[in-house]
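Here is the file model_25.cif (mmCIF, C-alpha atoms and all ligand atoms).
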data_query
#
loop_
_atom_site.label_atom_id
_atom_site.label_comp_id
_atom_site.auth_asym_id
_atom_site.auth_seq_id
_atom_site.Cartn_x
_atom_site.Cartn_y
_atom_site.Cartn_z
CA MET P 1 3.63 24.34 5.50
CA ILE P 2 1.12 22.82 7.91
CA VAL P 3 -1.48 24.84 9.79
CA VAL P 4 -2.67 23.18 13.00
CA MET P 5 -6.03 24.50 14.18
CA ALA P 6 -6.98 24.76 17.86
CA ARG P 7 -9.22 22.07 19.34
CA GLY P 8 -12.90 22.82 18.79
CA THR P 9 -12.27 25.52 16.15
CA ALA P 10 -15.47 26.83 14.58
CA SER P 11 -15.98 25.68 11.01
CA GLU P 12 -16.24 29.32 9.83
CA ASP P 13 -12.72 29.97 11.13
CA LEU P 14 -11.44 26.88 9.34
CA GLU P 15 -13.16 28.05 6.17
CA LYS P 16 -11.58 31.52 6.45
CA VAL P 17 -8.14 30.00 6.78
CA ARG P 18 -8.78 27.83 3.71
CA GLU P 19 -9.96 30.86 1.72
CA ARG P 20 -6.89 32.89 2.71
CA ILE P 21 -4.59 30.07 1.60
CA GLU P 22 -6.38 29.70 -1.73
CA SER P 23 -6.40 33.48 -2.28
CA ARG P 24 -2.61 33.23 -2.54
CA GLY P 25 -2.82 30.64 -5.29
CA LEU P 26 -1.89 27.85 -2.86
CA ARG P 27 -3.71 24.56 -2.31
CA ALA P 28 -5.26 23.69 1.04
CA GLN P 29 -5.81 20.04 1.93
CA ILE P 30 -7.77 19.64 5.14
CA ASN P 31 -7.45 16.68 7.48
CA LEU P 32 -10.26 16.69 10.06
CA GLY P 33 -8.39 14.64 12.66
CA GLU P 34 -9.94 13.10 15.76
CA GLU P 35 -8.68 15.92 17.98
CA ARG P 36 -8.26 18.90 15.67
CA ALA P 37 -8.15 19.96 12.04
CA VAL P 38 -4.81 20.19 10.25
CA ILE P 39 -4.38 21.96 6.91
CA GLY P 40 -1.62 21.02 4.48
CA VAL P 41 -0.59 24.04 2.39
CA MET P 42 0.84 23.12 -1.00
CA GLY P 43 2.69 25.44 -3.34
CA PRO P 44 5.36 28.15 -3.08
CA ILE P 45 4.85 29.85 0.30
CA PRO P 46 5.18 33.69 0.06
CA PRO P 47 7.44 35.46 2.57
CA ASP P 48 5.68 36.36 5.84
CA PHE P 49 2.78 34.02 5.06
CA LYS P 50 3.61 31.93 8.12
CA ASP P 51 3.26 35.00 10.38
CA GLU P 52 0.02 35.93 8.66
CA MET P 53 -1.45 32.48 9.26
CA GLU P 54 -0.40 32.49 12.89
CA LEU P 55 -2.49 35.62 13.49
CA MET P 56 -5.68 34.11 12.13
CA GLN P 57 -8.53 33.14 14.43
CA GLY P 58 -8.50 29.48 15.43
CA VAL P 59 -4.91 28.80 14.32
CA SER P 60 -2.94 27.13 17.07
CA GLU P 61 0.39 26.53 15.33
CA VAL P 62 2.04 26.83 11.92
CA VAL P 63 4.78 24.33 11.14
CA MET P 64 7.15 24.61 8.21
CA VAL P 65 7.66 21.00 7.10
CA SER P 66 11.15 20.50 5.83
CA LYS P 67 10.30 17.05 4.46
CA PRO P 68 9.60 17.01 0.74
CA TYR P 69 6.37 15.02 1.24
CA LYS P 70 3.58 16.72 3.19
CA LEU P 71 0.33 14.74 2.92
CA ALA P 72 2.15 11.47 3.59
CA SER P 73 3.83 12.90 6.70
CA ARG P 74 2.87 12.25 10.31
CA GLU P 75 2.94 15.99 10.95
CA PHE P 76 0.00 16.45 8.58
CA HIS P 77 -1.91 13.39 9.81
CA PRO P 78 -0.91 12.39 13.35
CA ASP P 79 -3.36 9.42 13.54
CA ASN P 80 -2.67 6.23 11.61
CA THR P 81 -4.57 5.93 8.35
CA ILE P 82 -6.93 2.96 8.53
CA ILE P 83 -8.18 1.35 5.33
CA LYS P 84 -11.08 -1.10 5.23
CA VAL P 85 -11.13 -3.72 2.50
CA GLY P 86 -13.94 -6.28 2.88
CA ASP P 87 -13.56 -7.60 6.44
CA ALA P 88 -9.90 -6.59 6.60
CA VAL P 89 -8.79 -3.44 8.43
CA ILE P 90 -5.35 -2.32 7.28
CA GLY P 91 -3.39 0.05 9.51
CA GLY P 92 -5.51 -0.87 12.56
CA PRO P 93 -4.35 -2.86 15.58
CA ASP P 94 -3.90 -6.16 13.72
CA PRO P 95 -1.81 -7.31 10.75
CA VAL P 96 -3.76 -8.29 7.62
CA ILE P 97 -2.63 -11.20 5.48
CA MET P 98 -2.97 -11.07 1.68
CA ALA P 99 -2.11 -14.25 -0.20
CA GLY P 100 -2.54 -15.99 -3.52
CA PRO P 101 -0.62 -16.84 -6.65
CA CYS P 102 1.78 -14.52 -8.44
CA SER P 103 -0.30 -14.77 -11.65
CA VAL P 104 -3.83 -15.79 -12.43
CA GLU P 105 -3.49 -18.88 -14.64
CA ASP P 106 -6.78 -20.74 -14.85
CA GLU P 107 -10.00 -21.14 -12.90
CA GLU P 108 -9.09 -24.31 -11.07
CA GLN P 109 -5.70 -22.91 -9.93
CA MET P 110 -7.24 -19.62 -8.83
CA VAL P 111 -10.24 -21.03 -6.99
CA SER P 112 -8.34 -23.84 -5.26
CA THR P 113 -5.58 -21.48 -4.11
CA ALA P 114 -8.16 -18.92 -2.95
CA LYS P 115 -9.96 -21.57 -0.89
CA ALA P 116 -6.67 -22.76 0.60
CA VAL P 117 -5.47 -19.30 1.67
CA LYS P 118 -8.89 -18.47 3.09
CA ALA P 119 -8.92 -21.69 5.09
CA ALA P 120 -5.59 -20.66 6.61
CA GLY P 121 -6.87 -17.20 7.61
CA ALA P 122 -5.89 -14.85 4.75
CA THR P 123 -8.44 -12.05 4.35
CA ILE P 124 -7.43 -10.62 0.95
CA LEU P 125 -6.73 -12.63 -2.22
CA ARG P 126 -3.89 -11.63 -4.53
CA GLY P 127 -3.30 -12.58 -8.16
CA GLY P 128 -1.83 -10.72 -11.12
CA ALA P 129 -3.68 -10.46 -14.43
CA PHE P 130 -1.38 -7.77 -15.85
CA LYS P 131 2.17 -8.92 -15.09
CA PRO P 132 5.30 -6.78 -15.34
CA ARG P 133 7.96 -9.25 -16.46
CA THR P 134 11.65 -8.62 -16.91
CA SER P 135 11.69 -10.57 -20.18
CA PRO P 136 9.13 -9.86 -22.90
CA TYR P 137 9.10 -13.62 -23.62
CA SER P 138 7.83 -14.57 -20.15
CA PHE P 139 4.13 -15.07 -19.34
CA ARG P 140 2.70 -11.57 -19.06
CA GLY P 141 -0.68 -12.39 -17.60
CA MET P 142 -4.19 -13.12 -18.85
CA GLY P 143 -5.43 -9.52 -18.87
CA GLU P 144 -9.19 -9.11 -18.51
CA ASP P 145 -9.80 -12.87 -18.67
CA GLY P 146 -7.61 -13.10 -15.56
CA LEU P 147 -9.62 -10.36 -13.84
CA LYS P 148 -12.76 -12.42 -14.53
CA LEU P 149 -11.20 -15.46 -12.87
CA LEU P 150 -10.35 -13.31 -9.84
CA GLN P 151 -14.00 -12.33 -9.72
CA THR P 152 -14.99 -16.00 -9.78
CA ALA P 153 -12.58 -16.74 -6.91
CA LYS P 154 -14.03 -13.81 -5.00
CA GLN P 155 -17.57 -15.12 -5.51
CA GLU P 156 -16.49 -18.60 -4.34
CA THR P 157 -14.67 -17.43 -1.22
CA GLY P 158 -15.91 -13.93 -0.37
CA LEU P 159 -12.30 -12.70 -0.30
CA PRO P 160 -11.66 -9.19 -1.66
CA ILE P 161 -9.14 -8.92 -4.48
CA ILE P 162 -5.80 -7.14 -4.84
CA THR P 163 -4.42 -7.06 -8.36
CA GLU P 164 -1.84 -5.05 -10.28
CA VAL P 165 -2.47 -2.18 -12.67
CA MET P 166 0.41 -1.32 -14.99
CA SER P 167 -0.99 1.45 -17.15
CA PRO P 168 -3.21 4.49 -16.60
CA TYR P 169 -5.30 3.33 -19.58
CA ASP P 170 -6.17 0.06 -17.81
CA LEU P 171 -7.11 1.65 -14.53
CA ASP P 172 -10.87 1.83 -15.13
CA LEU P 173 -10.94 -1.77 -16.30
CA VAL P 174 -8.88 -3.09 -13.37
CA SER P 175 -10.91 -1.03 -10.85
CA ARG P 176 -14.08 -2.80 -11.94
CA TYR P 177 -12.64 -6.02 -10.48
CA ALA P 178 -10.13 -4.91 -7.84
CA ASP P 179 -10.82 -4.05 -4.21
CA VAL P 180 -7.21 -2.85 -3.97
CA LEU P 181 -5.13 -1.65 -6.93
CA GLN P 182 -1.51 -2.76 -6.76
CA VAL P 183 1.12 -0.46 -8.24
CA GLY P 184 4.19 -2.64 -8.64
CA ALA P 185 7.82 -1.94 -7.83
CA ARG P 186 8.65 -1.21 -11.47
CA ASN P 187 5.91 1.42 -11.63
CA MET P 188 6.59 3.15 -8.31
CA GLN P 189 7.74 6.21 -10.24
CA ASN P 190 5.36 5.88 -13.18
CA TYR P 191 3.75 9.26 -12.60
CA PRO P 192 0.81 8.85 -15.02
CA VAL P 193 -0.14 5.61 -13.18
CA LEU P 194 0.24 7.28 -9.76
CA ARG P 195 -1.83 10.31 -10.75
CA ARG P 196 -4.57 8.19 -12.27
CA ALA P 197 -4.63 5.94 -9.17
CA GLY P 198 -4.89 9.12 -7.11
CA ARG P 199 -8.12 10.03 -8.87
CA SER P 200 -9.65 6.62 -8.14
CA ASN P 201 -11.79 5.75 -5.10
CA THR P 202 -10.17 2.32 -4.77
CA PRO P 203 -7.42 1.80 -2.17
CA VAL P 204 -3.92 1.54 -3.66
CA LEU P 205 -1.04 -0.69 -2.56
CA LEU P 206 2.18 1.03 -3.59
CA LYS P 207 5.25 -1.19 -3.72
CA ARG P 208 8.70 0.19 -3.08
CA GLY P 209 10.81 0.41 -6.21
CA MET P 210 13.76 -1.93 -6.26
CA SER P 211 16.25 0.90 -5.93
CA ALA P 212 14.02 3.47 -4.27
CA THR P 213 14.87 5.22 -1.03
CA ILE P 214 12.21 5.55 1.65
CA ASN P 215 11.86 9.25 0.77
CA GLU P 216 11.23 8.34 -2.87
CA LEU P 217 8.58 5.81 -1.77
CA LEU P 218 6.85 8.45 0.35
CA LEU P 219 7.04 10.99 -2.50
CA ALA P 220 5.46 8.45 -4.85
CA ALA P 221 2.66 8.02 -2.27
CA GLU P 222 2.40 11.82 -2.16
CA TYR P 223 1.48 11.83 -5.88
CA ILE P 224 -1.52 9.59 -5.13
CA LEU P 225 -2.55 11.53 -2.02
CA ALA P 226 -2.21 14.88 -3.81
CA GLU P 227 -4.82 13.76 -6.37
CA GLY P 228 -7.27 13.11 -3.54
CA ASN P 229 -7.08 9.34 -2.90
CA GLU P 230 -6.26 9.02 0.81
CA GLN P 231 -6.29 5.23 0.84
CA VAL P 232 -2.66 4.33 0.23
CA ILE P 233 -0.92 1.27 1.64
CA LEU P 234 2.86 1.02 1.30
CA CYS P 235 4.70 -2.23 0.71
CA GLU P 236 8.32 -3.13 1.40
CA ARG P 237 9.19 -5.81 -1.17
CA GLY P 238 12.97 -5.82 -1.07
CA VAL P 239 15.58 -3.65 -2.72
CA ARG P 240 18.54 -4.46 -4.96
CA SER P 241 21.67 -5.40 -3.07
CA PHE P 242 25.23 -6.45 -3.83
CA ASP P 243 24.56 -9.93 -2.48
CA THR P 244 23.19 -12.57 -4.81
CA HIS P 245 22.01 -15.17 -2.30
CA THR P 246 18.50 -13.81 -2.36
CA ARG P 247 16.50 -12.18 -5.16
CA ASN P 248 16.29 -8.90 -3.21
CA LEU P 249 17.22 -7.58 0.20
CA LEU P 250 14.02 -7.30 2.28
CA ASP P 251 14.58 -4.04 4.15
CA LEU P 252 12.66 -4.62 7.38
CA THR P 253 14.06 -1.41 8.87
CA ALA P 254 11.73 0.39 6.44
CA ILE P 255 8.79 -0.73 8.58
CA PRO P 256 9.61 1.16 11.81
CA VAL P 257 11.15 4.02 9.81
CA VAL P 258 8.02 4.53 7.70
CA LYS P 259 5.81 4.15 10.78
CA SER P 260 7.48 7.14 12.39
CA LEU P 261 7.65 9.30 9.23
CA SER P 262 4.17 8.56 7.89
CA HIS P 263 0.61 7.75 8.95
CA LEU P 264 0.19 5.32 6.03
CA PRO P 265 0.05 1.58 6.71
CA ILE P 266 3.05 -0.46 5.57
CA ILE P 267 3.04 -4.17 4.81
CA ALA P 268 5.88 -6.52 3.83
CA ASP P 269 6.18 -8.85 0.86
CA PRO P 270 8.76 -11.48 1.78
CA SER P 271 8.01 -13.47 -1.39
CA HIS P 272 9.58 -10.94 -3.76
CA GLY P 273 11.80 -9.80 -0.88
CA THR P 274 13.66 -13.10 -0.83
CA GLY P 275 12.65 -14.96 -4.00
CA ILE P 276 13.21 -18.33 -2.29
CA ARG P 277 10.38 -20.40 -0.81
CA GLU P 278 12.28 -21.50 2.32
CA LYS P 279 13.41 -17.93 3.05
CA VAL P 280 9.92 -16.48 2.75
CA ILE P 281 8.81 -18.14 5.98
CA PRO P 282 11.41 -16.73 8.43
CA MET P 283 11.22 -13.26 6.85
CA ALA P 284 7.41 -13.26 7.08
CA ARG P 285 7.76 -14.05 10.79
CA ALA P 286 10.33 -11.27 11.18
CA ALA P 287 8.12 -8.72 9.37
CA VAL P 288 5.25 -9.37 11.77
CA ALA P 289 7.65 -9.03 14.69
CA ALA P 290 8.89 -5.72 13.23
CA GLY P 291 5.35 -4.32 13.35
CA ALA P 292 4.23 -4.64 9.71
CA ASP P 293 0.55 -3.85 9.17
CA GLY P 294 0.27 -6.90 7.02
CA LEU P 295 1.94 -9.39 4.73
CA MET P 296 1.62 -10.21 1.08
CA ILE P 297 2.57 -13.84 0.41
CA GLU P 298 2.64 -15.77 -2.85
CA VAL P 299 0.92 -19.14 -2.46
CA HIS P 300 0.24 -21.59 -5.28
CA ALA P 301 -1.70 -24.86 -5.20
CA ASN P 302 1.13 -26.45 -7.24
CA PRO P 303 4.25 -24.20 -7.29
CA PRO P 304 6.38 -26.30 -9.69
CA GLU P 305 3.68 -25.75 -12.34
CA ALA P 306 3.31 -21.98 -11.69
CA ARG P 307 3.69 -19.75 -14.76
CA SER P 308 5.52 -17.10 -12.69
CA ASP P 309 7.41 -16.99 -9.38
CA GLY P 310 6.90 -20.68 -8.57
CA VAL P 311 10.26 -20.88 -6.76
CA GLN P 312 9.14 -18.34 -4.20
CA SER P 313 5.54 -19.51 -3.87
CA LEU P 314 4.57 -21.42 -0.74
CA TYR P 315 2.63 -24.67 -0.85
CA PRO P 316 -0.76 -24.23 0.83
CA ASP P 317 0.23 -26.39 3.82
CA GLN P 318 3.39 -24.32 4.37
CA PHE P 319 1.25 -21.19 4.30
CA GLY P 320 -1.05 -22.73 6.93
CA GLU P 321 1.91 -23.47 9.20
CA LEU P 322 3.25 -19.96 8.70
CA MET P 323 -0.12 -18.50 9.69
CA ASP P 324 -0.06 -20.53 12.93
CA GLN P 325 3.43 -19.22 13.69
CA ILE P 326 2.65 -15.58 13.01
CA ARG P 327 -0.41 -15.78 15.26
CA VAL P 328 1.96 -16.56 18.15
CA ILE P 329 4.38 -13.79 17.13
CA ALA P 330 1.59 -11.23 16.74
CA ASN P 331 0.26 -12.11 20.20
CA ALA P 332 3.71 -11.48 21.68
CA ILE P 333 3.50 -7.84 20.53
CA GLY P 334 -0.14 -7.33 21.51
CA ARG P 335 -1.63 -7.93 18.06
CA GLU P 336 -3.77 -10.67 16.60
CA VAL P 337 -3.78 -12.44 13.25
CA GLN P 338 -7.20 -13.45 11.98
CA GLN P 339 -8.25 -17.05 12.68
CA PRO P 340 -9.65 -18.98 9.72
CA VAL P 341 -13.39 -18.46 9.32
C1 LIG P 401 3.99 -9.15 -7.83
O1 LIG P 401 3.42 -8.81 -6.79
O2 LIG P 401 3.78 -10.24 -8.41
C2 LIG P 401 5.06 -8.29 -8.37
C3 LIG P 401 5.36 -8.27 -9.67
O3 LIG P 401 5.68 -7.58 -7.43
P1 LIG P 401 6.82 -6.44 -7.51
O4 LIG P 401 6.17 -5.28 -8.21
O5 LIG P 401 7.11 -6.16 -6.06
O6 LIG P 401 7.99 -7.01 -8.25
MN MN P 402 5.32 -12.43 -8.27
#
Now, as a test, write the supplied structure out as structure tokens.
Amino acid sequence: MIVVMARGTASEDLEKVRERIESRGLRAQINLGEERAVIGVMGPIPPDFKDEMELMQGVSEVVMVSKPYKLASREFHPDNTIIKVGDAVIGGPDPVIMAGPCSVEDEEQMVSTAKAVKAAGATILRGGAFKPRTSPYSFRGMGEDGLKLLQTAKQETGLPIITEVMSPYDLDLVSRYADVLQVGARNMQNYPVLRRAGRSNTPVLLKRGMSATINELLLAAEYILAEGNEQVILCERGVRSFDTHTRNLLDLTAIPVVKSLSHLPIIADPSHGTGIREKVIPMARAAVAAGADGLMIEVHANPPEARSDGVQSLYPDQFGELMDQIRVIANAIGREVQQPV
């Protein structure tokens, strides 16, 4: 249930409504929107409680939300959620580009790739230190040593860092280095990770699971929001399909669908979405055209030598060309992609 307060409601009236909700053993989550306050009511709603709420001073409307997610819904939070990370503003008017290697490998690789993506206009640096790999025999990341190399690359370039956290036990460690915590596709429904990320103050990028519906993605986001972390960015990274020509099927329809269902920003990852270097470029262009709030692109200074996902990693010069192209596409829909600084 969502309680929409009238414009200019006195704070005492808002407080009384909150107290009444809590007196019934329900949870009240308040969103002080630009125009008016909205209260999300969580828990089993007693009969007649809607009528009771409607009679309270300052209440303008009570909406029963039939969607299973509440805090992630547009009804609860009509304005777009905007998340600031360094100089990047995610969910604002302009798409934000995050780029870097799949895995952190060594200092020279990390720093040279960071400099290259910055020179092309990326504003957030990616790199995995804890890697979820399908085979236990593949390179599974450098762990904390990798986080330290991300820190070095950040010091060299000024770019904020996005990096993956795979376990609730690692969350404090990863948060010491990360400006954005990435929860990967394989962990989209790892509830201990989601709940722990929800208790953190660091923004979270939540990737869509490879067989997750959009409702399941939004419910996973709800876990994080329900713990109090409002800074959630969603990421479409491709879903499993019957066709084997690409690694995944990048579902670009998810972008406008999520935009109407939710206030949370949504970005696209055409690298994992296609798994093929040459296919990353057209799908990155298409994602910007579809209104994505950003892109996550794997770029490696020397892809044939990459320890993971080299076949889908762009060469730095390809990434530079792509950035020039998406600037034109963004302009066509009234948006702007950051120029190199
Ligand atoms: C990654 O970003 O390198 C990654 C493992 O992504 P995903 O969780 O989408 O597979
Ligand atoms: Mn990867």
Sort by chain and increasing residue number a table of all residues of chain P within 8 Å of ligand LIG 401 (chain P), each with its closest pair of atoms and their distance in Å to one decimal, counting all atoms listed in the file, and write it as JSON lines.
{"residue": "P:Cys102", "atom": "CA", "partner": "P:LIG401", "partner_atom": "O2", "distance": 4.7}
{"residue": "P:Ser103", "atom": "CA", "partner": "P:LIG401", "partner_atom": "O2", "distance": 6.9}
{"residue": "P:Gly127", "atom": "CA", "partner": "P:LIG401", "partner_atom": "O2", "distance": 7.5}
{"residue": "P:Gly128", "atom": "CA", "partner": "P:LIG401", "partner_atom": "O2", "distance": 6.2}
{"residue": "P:Lys131", "atom": "CA", "partner": "P:LIG401", "partner_atom": "C3", "distance": 6.3}
{"residue": "P:Pro132", "atom": "CA", "partner": "P:LIG401", "partner_atom": "C3", "distance": 5.9}
{"residue": "P:Arg133", "atom": "CA", "partner": "P:LIG401", "partner_atom": "C3", "distance": 7.3}
{"residue": "P:Glu164", "atom": "CA", "partner": "P:LIG401", "partner_atom": "O1", "distance": 7.3}
{"residue": "P:Gln182", "atom": "CA", "partner": "P:LIG401", "partner_atom": "O1", "distance": 7.8}
{"residue": "P:Val183", "atom": "CA", "partner": "P:LIG401", "partner_atom": "O4", "distance": 7.0}
{"residue": "P:Gly184", "atom": "CA", "partner": "P:LIG401", "partner_atom": "O4", "distance": 3.3}
{"residue": "P:Ala185", "atom": "CA", "partner": "P:LIG401", "partner_atom": "O4", "distance": 3.7}
{"residue": "P:Arg186", "atom": "CA", "partner": "P:LIG401", "partner_atom": "O4", "distance": 5.8}
{"residue": "P:Asn187", "atom": "CA", "partner": "P:LIG401", "partner_atom": "O4", "distance": 7.5}
{"residue": "P:Lys207", "atom": "CA", "partner": "P:LIG401", "partner_atom": "O5", "distance": 5.8}
{"residue": "P:Arg208", "atom": "CA", "partner": "P:LIG401", "partner_atom": "O5", "distance": 7.2}
{"residue": "P:Gly209", "atom": "CA", "partner": "P:LIG401", "partner_atom": "O5", "distance": 7.5}
{"residue": "P:Met210", "atom": "CA", "partner": "P:LIG401", "partner_atom": "O5", "distance": 7.9}
{"residue": "P:Arg237", "atom": "CA", "partner": "P:LIG401", "partner_atom": "O5", "distance": 5.3}
{"residue": "P:Gly238", "atom": "CA", "partner": "P:LIG401", "partner_atom": "O5", "distance": 7.7}
{"residue": "P:Asp269", "atom": "CA", "partner": "P:LIG401", "partner_atom": "O5", "distance": 7.5}
{"residue": "P:His272", "atom": "CA", "partner": "P:LIG401", "partner_atom": "O5", "distance": 5.9}
{"residue": "P:Gly273", "atom": "CA", "partner": "P:LIG401", "partner_atom": "O5", "distance": 7.9}
{"residue": "P:Glu298", "atom": "CA", "partner": "P:LIG401", "partner_atom": "O2", "distance": 7.9}
{"residue": "P:Asp309", "atom": "CA", "partner": "P:LIG401", "partner_atom": "O2", "distance": 7.7}
Counting only C-alpha atoms, the option among P:Ala197, P:Ala254, P:Ala178, P:Ala99 closest to P:Cys235:
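Of P:Ala197, P:Ala254, P:Ala178, P:Ala99, the one nearest P:Cys235 is P:Ala254, counting only C-alpha atoms.
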Write out as an MDAnalysis selection string each polymer residue whose atoms come within 8 Å of P:Thr246, counting all atoms listed in the file; drop sequence neighbours fewer than 5 positions from it.
chainID P and resid 273:276
Nearest residue to P:Gln189 from the set P:Ala220, P:Val96, P:Val288, P:Leu147 (distances using all atoms listed in the file):
P:Ala220
Of P:Leu314, P:Val3, P:Leu181, P:Ala119, the one nearest to ligand MN 402 (chain P) when counting all atoms listed in the file is P:Leu314
Under the rule that all atoms listed in the file are counted, which of P:Val59, P:Val328, P:Leu159, P:Ala129 is the nearest residue to ligand MN 402 (chain P)?
P:Ala129
Considering all atoms listed in the file, can you say which of P:Val104, P:Val117, P:Ala289, P:Ala226 comes closest to ligand MN 402 (chain P)?
P:Val104
Name the closest residue to P:Glu61 among the candidates P:Leu26, P:Met142, P:Val85, P:Met5; distances are taken between atoms, counting all atoms listed in the file.
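Of all the options, P:Met5 lies closest to P:Glu61.
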Which centre and edge lengths in Å to one decimal define the box along x, y and z that fits every listed atom of stretch 305-322 of chain P plus 3 Å per side, as lines of an AutoDock Vina configuration file?
center_x = 4.6
center_y = -21.7
center_z = -2.8
size_x = 17.3
size_y = 15.4
size_z = 30.0
